[in-house]
>>> print(open('data_5.cif').read())   # mmCIF, C-alpha atoms
data_target
#
loop_
_atom_site.label_atom_id
_atom_site.label_comp_id
_atom_site.auth_asym_id
_atom_site.auth_seq_id
_atom_site.Cartn_x
_atom_site.Cartn_y
_atom_site.Cartn_z
CA LYS Q 1 125.45 96.89 106.61
CA PHE Q 2 123.21 99.18 104.63
CA PRO Q 3 121.60 97.22 101.75
CA LYS Q 4 122.95 97.90 98.29
CA ASN Q 5 121.05 98.55 95.07
CA MET Q 6 118.05 99.94 96.93
CA HIS Q 7 115.69 102.31 95.17
CA PHE Q 8 114.35 105.25 97.16
CA THR Q 9 111.71 107.72 96.06
CA GLU Q 10 112.98 111.27 96.27
CA VAL Q 11 110.60 113.37 98.35
CA THR Q 12 110.41 117.06 97.47
CA ALA Q 13 107.66 119.63 97.87
CA ASP Q 14 107.44 120.10 94.11
CA LYS Q 15 106.94 116.37 93.54
CA VAL Q 16 104.22 116.20 96.19
CA PHE Q 17 102.48 119.26 94.75
CA SER Q 18 102.64 117.82 91.24
CA LYS Q 19 100.85 114.67 92.46
CA MET Q 20 98.04 116.61 94.12
CA PRO Q 21 94.89 116.47 91.99
CA ASP Q 22 93.57 119.82 90.89
CA ARG Q 23 90.82 121.23 93.12
CA SER Q 24 92.11 119.36 96.16
CA ALA Q 25 93.44 120.24 99.60
CA VAL Q 26 95.56 118.56 102.27
CA LEU Q 27 95.07 119.04 106.02
CA GLU Q 28 97.99 117.77 108.09
CA TYR Q 29 97.79 117.74 111.89
CA TYR Q 30 100.85 117.54 114.17
CA PHE Q 31 100.87 117.54 117.96
CA SER Q 32 103.97 118.98 119.64
CA LEU Q 33 105.04 119.88 123.16
CA ASN Q 34 105.96 123.50 123.66
CA VAL Q 35 108.32 123.87 126.65
CA SER Q 36 108.84 127.40 127.95
CA THR Q 37 111.57 128.24 130.49
CA LEU Q 38 112.10 131.09 132.94
CA HIS Q 39 115.59 130.48 134.30
CA GLY Q 40 118.16 128.67 132.22
CA ASP Q 41 117.14 125.06 131.66
CA VAL Q 42 114.51 124.98 134.39
CA GLU Q 43 111.20 124.03 132.89
CA ASN Q 44 108.37 126.44 133.75
CA ASP Q 45 105.51 125.04 131.74
CA GLN Q 46 104.69 122.41 129.16
CA MET Q 47 101.84 122.98 126.77
CA LEU Q 48 100.59 120.67 124.05
CA GLU Q 49 100.09 122.45 120.75
CA LEU Q 50 98.48 121.36 117.50
CA ASP Q 51 99.89 122.57 114.19
CA VAL Q 52 97.63 122.43 111.14
CA PHE Q 53 99.22 122.68 107.70
CA VAL Q 54 96.79 123.50 104.90
CA THR Q 55 97.83 123.01 101.27
CA THR Q 56 95.41 123.68 98.43
CA LYS Q 57 95.73 123.23 94.68
CA VAL Q 58 93.13 125.01 92.57
CA ALA Q 59 93.61 125.79 88.86
CA ASN Q 60 97.12 124.31 89.27
CA SER Q 61 98.01 127.08 91.73
CA ILE Q 62 99.43 126.01 95.11
CA HIS Q 63 98.59 127.83 98.35
CA PHE Q 64 99.99 127.01 101.80
CA LYS Q 65 98.83 128.06 105.27
CA HIS Q 66 100.08 127.22 108.76
CA ILE Q 67 97.59 127.39 111.66
CA LYS Q 68 98.58 126.87 115.31
CA LEU Q 69 95.94 125.65 117.74
CA ARG Q 70 96.87 126.12 121.39
CA GLU Q 71 94.03 124.22 123.11
CA ALA Q 72 95.43 120.92 121.92
CA ASP Q 73 94.92 119.09 125.24
CA GLU Q 74 91.23 119.91 125.20
CA ILE Q 75 90.88 118.93 121.53
CA LEU Q 76 92.59 115.60 122.15
CA GLU Q 77 90.39 114.89 125.18
CA LYS Q 78 87.22 115.67 123.19
CA ALA Q 79 88.37 113.46 120.33
CA GLU Q 80 89.00 110.54 122.69
CA THR Q 81 85.58 111.00 124.33
CA PHE Q 82 83.85 111.16 120.93
CA ILE Q 83 85.58 107.98 119.77
CA GLU Q 84 84.60 106.28 123.03
CA ALA Q 85 80.98 107.35 122.48
CA LEU Q 86 80.98 105.76 119.02
CA GLN Q 87 82.46 102.55 120.41
CA ASN Q 88 79.90 102.34 123.23
CA PRO Q 89 76.50 103.03 121.66
CA ASP Q 90 74.68 101.74 124.76
CA ASP Q 91 76.28 104.26 127.14
CA LEU Q 92 73.53 106.86 127.61
CA GLU Q 93 75.86 109.41 129.18
CA LEU Q 94 78.24 109.28 126.23
CA ILE Q 95 75.38 109.33 123.71
CA GLY Q 96 74.24 112.64 125.20
CA LYS Q 97 77.68 114.13 124.54
CA LYS Q 98 78.14 112.74 121.04
CA ASN Q 99 76.31 115.36 118.96
CA GLU Q 100 77.71 118.21 121.03
CA LEU Q 101 81.26 116.90 120.60
CA ARG Q 102 80.72 116.44 116.87
CA VAL Q 103 80.12 120.18 116.49
CA GLN Q 104 82.88 121.17 118.92
CA LEU Q 105 85.46 119.04 117.09
CA TYR Q 106 84.39 120.49 113.73
CA ASP Q 107 84.76 124.01 115.14
CA ALA Q 108 88.19 123.17 116.59
CA LEU Q 109 89.73 121.13 113.77
CA ILE Q 110 87.96 122.11 110.54
CA ALA Q 111 86.52 125.61 110.98
CA PRO Q 112 89.92 127.37 111.36
CA ALA Q 113 90.95 125.97 107.95
CA ILE Q 114 87.66 126.07 106.05
CA SER Q 115 88.23 129.52 104.50
CA TYR Q 116 91.45 128.22 102.89
CA LEU Q 117 89.66 125.28 101.22
CA ASP Q 118 87.70 127.34 98.68
CA GLY Q 119 87.58 125.64 95.31
CA ALA Q 120 88.63 122.22 96.62
CA LYS Q 121 86.47 119.17 95.94
CA THR Q 122 88.76 116.48 97.39
CA LEU Q 123 90.11 116.80 100.93
CA PHE Q 124 93.07 114.69 102.06
CA ILE Q 125 93.40 114.46 105.85
CA ALA Q 126 96.62 113.37 107.58
CA PRO Q 127 95.80 113.13 111.32
CA ASP Q 128 98.12 112.65 114.29
CA ASP Q 129 97.90 110.76 117.60
CA GLN Q 130 94.30 109.87 118.60
CA LEU Q 131 92.99 111.98 115.73
CA SER Q 132 93.93 109.00 113.55
CA ASN Q 133 90.87 107.20 114.99
CA LEU Q 134 88.56 110.20 114.60
CA PRO Q 135 85.91 109.95 111.83
CA PHE Q 136 86.41 113.45 110.41
CA GLU Q 137 83.83 112.69 107.71
CA ILE Q 138 80.87 112.86 110.13
CA LEU Q 139 81.91 116.00 112.00
CA HIS Q 140 79.61 118.91 111.23
CA SER Q 141 79.07 122.58 112.00
CA ASN Q 142 75.94 124.09 113.55
CA ASP Q 143 74.21 124.02 110.15
CA LEU Q 144 74.47 120.17 110.27
CA ARG Q 145 76.52 119.98 107.04
CA MET Q 146 78.92 117.11 107.57
CA LEU Q 147 82.43 117.28 106.19
CA GLN Q 148 81.68 114.36 103.84
CA ASP Q 149 78.83 116.42 102.33
CA GLN Q 150 81.25 119.22 101.46
CA PHE Q 151 84.23 117.22 100.17
CA THR Q 152 85.32 113.79 99.02
CA VAL Q 153 87.40 112.90 102.08
CA CYS Q 154 90.51 110.69 101.81
CA ARG Q 155 92.97 109.61 104.51
CA LEU Q 156 96.75 109.93 104.40
CA VAL Q 157 99.46 109.06 106.90
CA CYS Q 158 101.25 112.24 105.86
CA GLY Q 159 101.43 114.56 102.86
CA ARG Q 160 104.19 112.63 101.14
CA ASP Q 161 101.75 109.74 100.62
CA LEU Q 162 100.48 111.76 97.67
CA LEU Q 163 103.59 110.66 95.78
CA PHE Q 164 101.90 107.28 95.46
CA TYR Q 165 98.37 108.58 94.92
CA ASN Q 166 96.54 107.41 91.80
CA ASP Q 167 93.18 109.01 91.09
CA SER Q 168 92.23 106.59 88.34
CA THR Q 169 89.33 104.30 89.22
CA PRO Q 170 90.26 100.62 88.86
CA PRO Q 171 88.13 98.32 86.71
CA ASP Q 172 85.23 96.55 88.38
CA SER Q 173 86.85 93.10 88.34
CA SER Q 174 89.89 94.25 90.34
CA CYS Q 175 88.00 95.41 93.47
CA PHE Q 176 86.40 93.53 96.35
CA ILE Q 177 84.66 95.57 99.07
CA LEU Q 178 83.22 93.97 102.22
CA GLY Q 179 81.82 95.58 105.36
CA ASP Q 180 79.27 95.49 108.18
CA PRO Q 181 78.92 91.66 108.26
CA ASP Q 182 75.85 90.16 109.88
CA TYR Q 183 77.61 88.17 112.58
CA GLU Q 184 74.34 86.43 113.54
CA ALA Q 185 73.59 85.19 109.99
CA GLU Q 186 73.34 81.48 109.21
CA LYS Q 187 76.76 80.00 108.51
CA GLY Q 188 75.64 77.96 105.50
CA ASP Q 189 78.06 75.59 103.78
CA ARG Q 190 81.52 75.57 105.25
CA SER Q 191 84.84 74.97 103.52
CA GLU Q 192 86.95 73.35 106.21
CA SER Q 193 89.99 73.12 103.97
CA LYS Q 194 90.19 76.90 103.90
CA SER Q 195 89.46 77.48 107.60
CA ARG Q 196 92.20 78.10 110.09
CA GLY Q 197 92.36 76.13 113.28
CA SER Q 198 91.21 77.52 116.63
CA ASN Q 199 90.68 76.41 120.20
CA GLY Q 200 86.93 76.21 119.56
CA SER Q 201 85.91 79.17 121.73
CA LEU Q 202 83.92 82.05 120.23
CA VAL Q 203 84.42 85.65 121.30
CA PRO Q 204 81.25 87.83 121.43
CA VAL Q 205 81.34 90.29 118.53
CA SER Q 206 79.35 93.53 118.29
CA PRO Q 207 78.53 95.29 114.99
CA LEU Q 208 81.29 97.60 113.80
CA PRO Q 209 79.88 101.17 113.73
CA PHE Q 210 79.81 102.87 110.31
CA SER Q 211 81.46 99.94 108.53
CA GLY Q 212 78.44 99.62 106.23
CA ILE Q 213 78.65 103.31 105.27
CA GLU Q 214 82.37 102.86 104.69
CA ALA Q 215 81.86 99.87 102.41
CA HIS Q 216 79.13 101.57 100.36
CA ARG Q 217 81.11 104.80 99.89
CA ILE Q 218 84.22 102.96 98.68
CA ALA Q 219 82.17 100.67 96.46
CA ASP Q 220 80.47 103.70 94.89
CA ARG Q 221 83.89 105.08 94.02
CA CYS Q 222 84.85 101.76 92.40
CA HIS Q 223 81.43 101.41 90.69
CA ILE Q 224 80.75 97.99 92.18
CA ARG Q 225 78.35 96.35 94.64
CA PRO Q 226 79.78 95.84 98.15
CA TYR Q 227 79.32 92.66 100.15
CA VAL Q 228 77.47 93.69 103.33
CA GLY Q 229 75.16 92.04 105.86
CA ASP Q 230 74.67 88.31 105.37
CA SER Q 231 76.55 88.37 102.05
CA ALA Q 232 79.77 89.55 103.74
CA THR Q 233 81.15 86.02 104.08
CA LYS Q 234 84.66 84.63 103.85
CA TYR Q 235 83.48 82.49 100.95
CA ALA Q 236 82.60 85.61 98.97
CA LEU Q 237 86.17 86.77 99.49
CA GLN Q 238 87.64 83.38 98.57
CA ASN Q 239 85.58 83.21 95.38
CA ALA Q 240 86.56 86.77 94.38
CA LEU Q 241 90.33 86.18 94.51
CA PRO Q 242 92.58 87.28 92.95
CA CYS Q 243 91.80 91.00 93.24
CA GLY Q 244 93.86 94.12 92.73
CA ILE Q 245 92.15 95.91 95.65
CA ILE Q 246 90.60 94.23 98.70
CA HIS Q 247 88.92 96.41 101.35
CA LEU Q 248 87.53 94.72 104.48
CA ALA Q 249 85.64 96.69 107.12
CA THR Q 250 85.15 94.18 109.93
CA HIS Q 251 86.56 93.03 113.24
CA GLY Q 252 89.71 90.99 113.73
CA ILE Q 253 90.25 88.67 116.70
CA TYR Q 254 93.69 87.95 118.12
CA ASP Q 255 93.82 84.68 120.04
CA GLU Q 256 96.10 85.41 123.00
CA GLU Q 257 95.53 81.98 124.54
CA MET Q 258 97.32 80.21 121.70
CA ASP Q 259 100.63 82.00 122.35
CA ILE Q 260 103.04 81.14 119.50
CA ASP Q 261 100.26 79.39 117.55
CA SER Q 262 98.05 82.50 117.53
CA LEU Q 263 98.94 83.05 113.87
CA TYR Q 264 96.72 80.09 113.02
CA SER Q 265 93.77 80.79 115.33
CA SER Q 266 93.57 84.60 115.06
CA HIS Q 267 91.20 85.63 112.32
CA LEU Q 268 88.99 88.21 110.65
CA VAL Q 269 85.28 88.00 111.42
CA PHE Q 270 82.77 87.55 108.59
CA ALA Q 271 79.01 87.04 108.36
CA GLY Q 272 77.85 83.85 110.06
CA TYR Q 273 80.58 84.07 112.69
#
>>> encode(input="data_5.cif", output="structure tokens")
Amino acid sequence: KFPKNMHFTEVTADKVFSKMPDRSAVLEYYFSLNVSTLHGDVENDQMLELDVFVTTKVANSIHFKHIKLREADEILEKAETFIEALQNPDDLELIGKKNELRVQLYDALIAPAISYLDGAKTLFIAPDDQLSNLPFEILHSNDLRMLQDQFTVCRLVCGRDLLFYNDSTPPDSSCFILGDPDYEAEKGDRSESKSRGSNGSLVPVSPLPFSGIEAHRIADRCHIRPYVGDSATKYALQNALPCGIIHLATHGIYDEEMDIDSLYSSHLVFAGY
């Protein structure tokens, strides 16, 4: 049966617009399959399309624009290749494509909307499909100006997330930011009582690209010092609790060998791993 006495937040365009900070914009991306037919229900062609919805709020005035991008298959393929290049920094062939793809993706995803973003300082991006893994912040045009140099970039799942957006900066004591751990650092003193069990095997861990930049940018917004490098330890996190906001930019390892006991041996990876 449907649960009783449940509270639901009413979602309306006016409520979303009212929550948008002034001088901000929202870019929402949606992939869809356009099926055209020639005879009755016989499918003639299927084409992936990408809809971009641009909403801006400047001087408390709302403007809305819908842009349709028809080369969605090519955009998606380029995004996947760019992400793969970031994840494989030792692949020389992919490295050669990275800067070229960075410009091409900016031209495909950002350039069509840039003229509608005049006056905006904060840009909320709600991506779809593989675009969710795309670092929009480091895309740039031919003049090498990255998106993060033009706007304060924030991520949303979709536009309605703005209903829960709070632009106030939390006090220093309520934030803990950790990223880019030095996995080869000395382990130092251990606190076995707070360590989860494992089967004793260690999985090779590579540095997480851009996690240091991520930690520093978020820490700057919260006006605190992030824990990075050899200070990004689990003990720093344990000593900081309780916190109102915890942001961890590191790897997580899921222990498939432990089957039903994987809850106890899977873990986040900190400095001194």
>>> residues_around(input="data_5.cif", residues="Phe64 of chain Q", least_positions_apart="3", cutoff="9 Å", atoms="all atoms listed in the file", output="list in words")
Phe53, Val54, Thr55, Thr56 and Tyr116 of chain Q
>>> atom_distance(input="data_5.cif", atom1="atom CA of Cys175 of chain Q", atom2="atom CA of Cys243 of chain Q")
5.8 Å
>>> residues_around(input="data_5.cif", residues="segment 96-105 of chain Q", least_positions_apart="3", cutoff="8 Å", atoms="only C-alpha atoms", output="list in words")
Ile75, Lys78, Ala79, Phe82, Ala85, Leu86, Leu92, Glu93, Ala108, Leu109, Ile110, Ile138, Leu139, His140, Ser141 and Asn142 of chain Q
>>> residues_around(input="data_5.cif", residues="Ala232 of chain Q", least_positions_apart="6", cutoff="10 Å", atoms="only C-alpha atoms", output="compact mmCIF listing (two decimals) with C-alpha atoms, in the frame of the given file")
# COMPACT_ATOMS: atom_id res chain seq x y z
CA ILE Q 177 84.66 95.57 99.07
CA LEU Q 178 83.22 93.97 102.22
CA GLY Q 179 81.82 95.58 105.36
CA ASP Q 180 79.27 95.49 108.18
CA PRO Q 181 78.92 91.66 108.26
CA ASP Q 182 75.85 90.16 109.88
CA TYR Q 183 77.61 88.17 112.58
CA ALA Q 185 73.59 85.19 109.99
CA PRO Q 226 79.78 95.84 98.15
CA LEU Q 248 87.53 94.72 104.48
CA ALA Q 249 85.64 96.69 107.12
CA THR Q 250 85.15 94.18 109.93
CA VAL Q 269 85.28 88.00 111.42
CA PHE Q 270 82.77 87.55 108.59
CA ALA Q 271 79.01 87.04 108.36
CA GLY Q 272 77.85 83.85 110.06
>>> atom_distance(input="data_5.cif", atom1="atom CA of Arg23 of chain Q", atom2="atom CA of Lys121 of chain Q")
5.6 Å
>>> atom_distance(input="data_5.cif", atom1="atom CA of Val228 of chain Q", atom2="atom CA of Ser132 of chain Q")
24.7 Å
>>> resolve_selection(input="data_5.cif", expression="the PyMOL selection byres ((chain Q and resi 27) around 12)", output="tab-separated table (two decimals) with C-alpha atoms, in the frame of the given file")
chain	number	residue	atom	x	y	z
Q	24	SER	CA	92.11	119.36	96.16
Q	25	ALA	CA	93.44	120.24	99.60
Q	26	VAL	CA	95.56	118.56	102.27
Q	28	GLU	CA	97.99	117.77	108.09
Q	29	TYR	CA	97.79	117.74	111.89
Q	30	TYR	CA	100.85	117.54	114.17
Q	51	ASP	CA	99.89	122.57	114.19
Q	52	VAL	CA	97.63	122.43	111.14
Q	53	PHE	CA	99.22	122.68	107.70
Q	54	VAL	CA	96.79	123.50	104.90
Q	55	THR	CA	97.83	123.01	101.27
Q	56	THR	CA	95.41	123.68	98.43
Q	64	PHE	CA	99.99	127.01	101.80
Q	65	LYS	CA	98.83	128.06	105.27
Q	66	HIS	CA	100.08	127.22	108.76
Q	67	ILE	CA	97.59	127.39	111.66
Q	109	LEU	CA	89.73	121.13	113.77
Q	110	ILE	CA	87.96	122.11	110.54
Q	111	ALA	CA	86.52	125.61	110.98
Q	112	PRO	CA	89.92	127.37	111.36
Q	113	ALA	CA	90.95	125.97	107.95
Q	114	ILE	CA	87.66	126.07	106.05
Q	116	TYR	CA	91.45	128.22	102.89
Q	117	LEU	CA	89.66	125.28	101.22
Q	120	ALA	CA	88.63	122.22	96.62
Q	122	THR	CA	88.76	116.48	97.39
Q	123	LEU	CA	90.11	116.80	100.93
Q	124	PHE	CA	93.07	114.69	102.06
Q	125	ILE	CA	93.40	114.46	105.85
Q	126	ALA	CA	96.62	113.37	107.58
Q	127	PRO	CA	95.80	113.13	111.32
Q	128	ASP	CA	98.12	112.65	114.29
Q	136	PHE	CA	86.41	113.45	110.41
Q	153	VAL	CA	87.40	112.90	102.08
Q	154	CYS	CA	90.51	110.69	101.81
Q	155	ARG	CA	92.97	109.61	104.51
Q	156	LEU	CA	96.75	109.93	104.40
Q	157	VAL	CA	99.46	109.06	106.90
Q	158	CYS	CA	101.25	112.24	105.86
Q	159	GLY	CA	101.43	114.56	102.86
>>> resolve_selection(input="data_5.cif", expression="the PyMOL selection byres ((chain Q and resi 70) around 8)", output="PyMOL selection string")
chain Q and resi 47-50+68-69+71-72
>>> write_last_selection(input="data_5.cif", atoms="C-alpha atoms", output="mmCIF file, in the coordinates of the input")
data_model
loop_
_atom_site.group_PDB
_atom_site.id
_atom_site.type_symbol
_atom_site.label_atom_id
_atom_site.label_comp_id
_atom_site.auth_asym_id
_atom_site.auth_seq_id
_atom_site.Cartn_x
_atom_site.Cartn_y
_atom_site.Cartn_z
ATOM 1 C CA MET Q 47 101.840 122.980 126.770
ATOM 2 C CA LEU Q 48 100.590 120.670 124.050
ATOM 3 C CA GLU Q 49 100.090 122.450 120.750
ATOM 4 C CA LEU Q 50 98.480 121.360 117.500
ATOM 5 C CA LYS Q 68 98.580 126.870 115.310
ATOM 6 C CA LEU Q 69 95.940 125.650 117.740
ATOM 7 C CA GLU Q 71 94.030 124.220 123.110
ATOM 8 C CA ALA Q 72 95.430 120.920 121.920
#
>>> closest_residue(input="data_5.cif", among="Q:Ser115, Q:Ser231, Q:Thr12, Q:Thr152", to="Glu137 of chain Q", atoms="only C-alpha atoms")
Q:Thr152
>>> closest_residue(input="data_5.cif", among="Q:Phe176, Q:Pro209, Q:Leu33, Q:Asp149", to="Ile83 of chain Q", atoms="all atoms listed in the file")
Q:Pro209
>>> closest_residue(input="data_5.cif", among="Q:Phe31, Q:Phe164, Q:Tyr254, Q:Tyr106", to="Thr9 of chain Q", atoms="all atoms listed in the file")
Q:Phe164
>>> closest_residue(input="data_5.cif", among="Q:Asn34, Q:Asn239, Q:Ser206, Q:Asn88", to="Gly252 of chain Q", atoms="all atoms listed in the file")
Q:Ser206
>>> closest_residue(input="data_5.cif", among="Q:Ile218, Q:Leu94, Q:Ile62, Q:Val205", to="Leu268 of chain Q", atoms="only C-alpha atoms")
Q:Val205
>>> decode(input="data_5.cif", residues="segment 68-92 of chain Q", atoms="N, CA, C and O atoms", output="PDB file, in the first residue's frame")
ATOM      1  N   LYS Q  68      18.220  22.248 -30.095  1.00  0.00           N
ATOM      2  CA  LYS Q  68      18.256  20.827 -30.484  1.00  0.00           C
ATOM      3  C   LYS Q  68      19.532  20.563 -31.263  1.00  0.00           C
ATOM      4  O   LYS Q  68      19.805  21.210 -32.274  1.00  0.00           O
ATOM      5  N   LEU Q  69      20.319  19.615 -30.780  1.00  0.00           N
ATOM      6  CA  LEU Q  69      21.561  19.211 -31.431  1.00  0.00           C
ATOM      7  C   LEU Q  69      21.352  17.854 -32.085  1.00  0.00           C
ATOM      8  O   LEU Q  69      20.992  16.893 -31.413  1.00  0.00           O
ATOM      9  N   ARG Q  70      21.581  17.781 -33.385  1.00  0.00           N
ATOM     10  CA  ARG Q  70      21.251  16.552 -34.121  1.00  0.00           C
ATOM     11  C   ARG Q  70      22.422  15.594 -34.295  1.00  0.00           C
ATOM     12  O   ARG Q  70      22.234  14.474 -34.730  1.00  0.00           O
ATOM     13  N   GLU Q  71      23.641  15.996 -33.996  1.00  0.00           N
ATOM     14  CA  GLU Q  71      24.797  15.103 -34.107  1.00  0.00           C
ATOM     15  C   GLU Q  71      25.111  14.473 -32.754  1.00  0.00           C
ATOM     16  O   GLU Q  71      26.257  14.434 -32.301  1.00  0.00           O
ATOM     17  N   ALA Q  72      24.057  13.995 -32.107  1.00  0.00           N
ATOM     18  CA  ALA Q  72      24.199  13.501 -30.737  1.00  0.00           C
ATOM     19  C   ALA Q  72      25.089  12.259 -30.654  1.00  0.00           C
ATOM     20  O   ALA Q  72      25.843  12.099 -29.679  1.00  0.00           O
ATOM     21  N   ASP Q  73      25.006  11.370 -31.647  1.00  0.00           N
ATOM     22  CA  ASP Q  73      25.843  10.161 -31.630  1.00  0.00           C
ATOM     23  C   ASP Q  73      27.322  10.537 -31.626  1.00  0.00           C
ATOM     24  O   ASP Q  73      28.120   9.962 -30.869  1.00  0.00           O
ATOM     25  N   GLU Q  74      27.668  11.494 -32.457  1.00  0.00           N
ATOM     26  CA  GLU Q  74      29.061  11.923 -32.552  1.00  0.00           C
ATOM     27  C   GLU Q  74      29.513  12.610 -31.267  1.00  0.00           C
ATOM     28  O   GLU Q  74      30.631  12.388 -30.793  1.00  0.00           O
ATOM     29  N   ILE Q  75      28.637  13.421 -30.677  1.00  0.00           N
ATOM     30  CA  ILE Q  75      28.963  14.099 -29.421  1.00  0.00           C
ATOM     31  C   ILE Q  75      29.195  13.071 -28.313  1.00  0.00           C
ATOM     32  O   ILE Q  75      30.158  13.172 -27.543  1.00  0.00           O
ATOM     33  N   LEU Q  76      28.322  12.085 -28.237  1.00  0.00           N
ATOM     34  CA  LEU Q  76      28.437  11.059 -27.203  1.00  0.00           C
ATOM     35  C   LEU Q  76      29.729  10.252 -27.371  1.00  0.00           C
ATOM     36  O   LEU Q  76      30.422   9.959 -26.391  1.00  0.00           O
ATOM     37  N   GLU Q  77      30.065   9.936 -28.612  1.00  0.00           N
ATOM     38  CA  GLU Q  77      31.294   9.185 -28.886  1.00  0.00           C
ATOM     39  C   GLU Q  77      32.530   9.989 -28.487  1.00  0.00           C
ATOM     40  O   GLU Q  77      33.466   9.453 -27.881  1.00  0.00           O
ATOM     41  N   LYS Q  78      32.521  11.294 -28.800  1.00  0.00           N
ATOM     42  CA  LYS Q  78      33.657  12.146 -28.431  1.00  0.00           C
ATOM     43  C   LYS Q  78      33.778  12.276 -26.916  1.00  0.00           C
ATOM     44  O   LYS Q  78      34.886  12.286 -26.367  1.00  0.00           O
ATOM     45  N   ALA Q  79      32.640  12.390 -26.249  1.00  0.00           N
ATOM     46  CA  ALA Q  79      32.660  12.494 -24.786  1.00  0.00           C
ATOM     47  C   ALA Q  79      33.245  11.230 -24.169  1.00  0.00           C
ATOM     48  O   ALA Q  79      34.067  11.297 -23.234  1.00  0.00           O
ATOM     49  N   GLU Q  80      32.854  10.067 -24.669  1.00  0.00           N
ATOM     50  CA  GLU Q  80      33.365   8.806 -24.132  1.00  0.00           C
ATOM     51  C   GLU Q  80      34.871   8.676 -24.377  1.00  0.00           C
ATOM     52  O   GLU Q  80      35.609   8.200 -23.502  1.00  0.00           O
ATOM     53  N   THR Q  81      35.332   9.117 -25.562  1.00  0.00           N
ATOM     54  CA  THR Q  81      36.760   9.051 -25.870  1.00  0.00           C
ATOM     55  C   THR Q  81      37.552  10.005 -24.988  1.00  0.00           C
ATOM     56  O   THR Q  81      38.643   9.670 -24.506  1.00  0.00           O
ATOM     57  N   PHE Q  82      37.007  11.201 -24.746  1.00  0.00           N
ATOM     58  CA  PHE Q  82      37.680  12.181 -23.897  1.00  0.00           C
ATOM     59  C   PHE Q  82      37.798  11.670 -22.463  1.00  0.00           C
ATOM     60  O   PHE Q  82      38.850  11.790 -21.821  1.00  0.00           O
ATOM     61  N   ILE Q  83      36.730  11.083 -21.961  1.00  0.00           N
ATOM     62  CA  ILE Q  83      36.749  10.515 -20.605  1.00  0.00           C
ATOM     63  C   ILE Q  83      37.772   9.387 -20.522  1.00  0.00           C
ATOM     64  O   ILE Q  83      38.526   9.279 -19.555  1.00  0.00           O
ATOM     65  N   GLU Q  84      37.816   8.552 -21.562  1.00  0.00           N
ATOM     66  CA  GLU Q  84      38.783   7.455 -21.600  1.00  0.00           C
ATOM     67  C   GLU Q  84      40.211   7.995 -21.602  1.00  0.00           C
ATOM     68  O   GLU Q  84      41.103   7.430 -20.960  1.00  0.00           O
ATOM     69  N   ALA Q  85      40.437   9.105 -22.311  1.00  0.00           N
ATOM     70  CA  ALA Q  85      41.770   9.710 -22.356  1.00  0.00           C
ATOM     71  C   ALA Q  85      42.189  10.208 -20.985  1.00  0.00           C
ATOM     72  O   ALA Q  85      43.360  10.089 -20.596  1.00  0.00           O
ATOM     73  N   LEU Q  86      41.254  10.775 -20.221  1.00  0.00           N
ATOM     74  CA  LEU Q  86      41.563  11.249 -18.877  1.00  0.00           C
ATOM     75  C   LEU Q  86      41.857  10.092 -17.935  1.00  0.00           C
ATOM     76  O   LEU Q  86      42.676  10.214 -17.016  1.00  0.00           O
ATOM     77  N   GLN Q  87      41.193   8.976 -18.155  1.00  0.00           N
ATOM     78  CA  GLN Q  87      41.362   7.812 -17.283  1.00  0.00           C
ATOM     79  C   GLN Q  87      42.599   6.994 -17.618  1.00  0.00           C
ATOM     80  O   GLN Q  87      43.013   6.143 -16.839  1.00  0.00           O
ATOM     81  N   ASN Q  88      43.184   7.252 -18.794  1.00  0.00           N
ATOM     82  CA  ASN Q  88      44.363   6.497 -19.230  1.00  0.00           C
ATOM     83  C   ASN Q  88      45.461   7.467 -19.653  1.00  0.00           C
ATOM     84  O   ASN Q  88      45.768   7.610 -20.851  1.00  0.00           O
ATOM     85  N   PRO Q  89      46.073   8.154 -18.682  1.00  0.00           N
ATOM     86  CA  PRO Q  89      47.057   9.189 -19.011  1.00  0.00           C
ATOM     87  C   PRO Q  89      48.324   8.660 -19.666  1.00  0.00           C
ATOM     88  O   PRO Q  89      49.119   9.448 -20.177  1.00  0.00           O
ATOM     89  N   ASP Q  90      48.534   7.340 -19.662  1.00  0.00           N
ATOM     90  CA  ASP Q  90      49.737   6.770 -20.278  1.00  0.00           C
ATOM     91  C   ASP Q  90      49.508   6.329 -21.723  1.00  0.00           C
ATOM     92  O   ASP Q  90      50.447   5.875 -22.382  1.00  0.00           O
ATOM     93  N   ASP Q  91      48.283   6.443 -22.210  1.00  0.00           N
ATOM     94  CA  ASP Q  91      47.962   6.044 -23.581  1.00  0.00           C
ATOM     95  C   ASP Q  91      48.298   7.208 -24.515  1.00  0.00           C
ATOM     96  O   ASP Q  91      47.566   8.203 -24.585  1.00  0.00           O
ATOM     97  N   LEU Q  92      49.404   7.094 -25.239  1.00  0.00           N
ATOM     98  CA  LEU Q  92      49.886   8.197 -26.077  1.00  0.00           C
ATOM     99  C   LEU Q  92      48.907   8.554 -27.190  1.00  0.00           C
ATOM    100  O   LEU Q  92      48.758   9.728 -27.559  1.00  0.00           O
TER     101      LEU Q  92
END
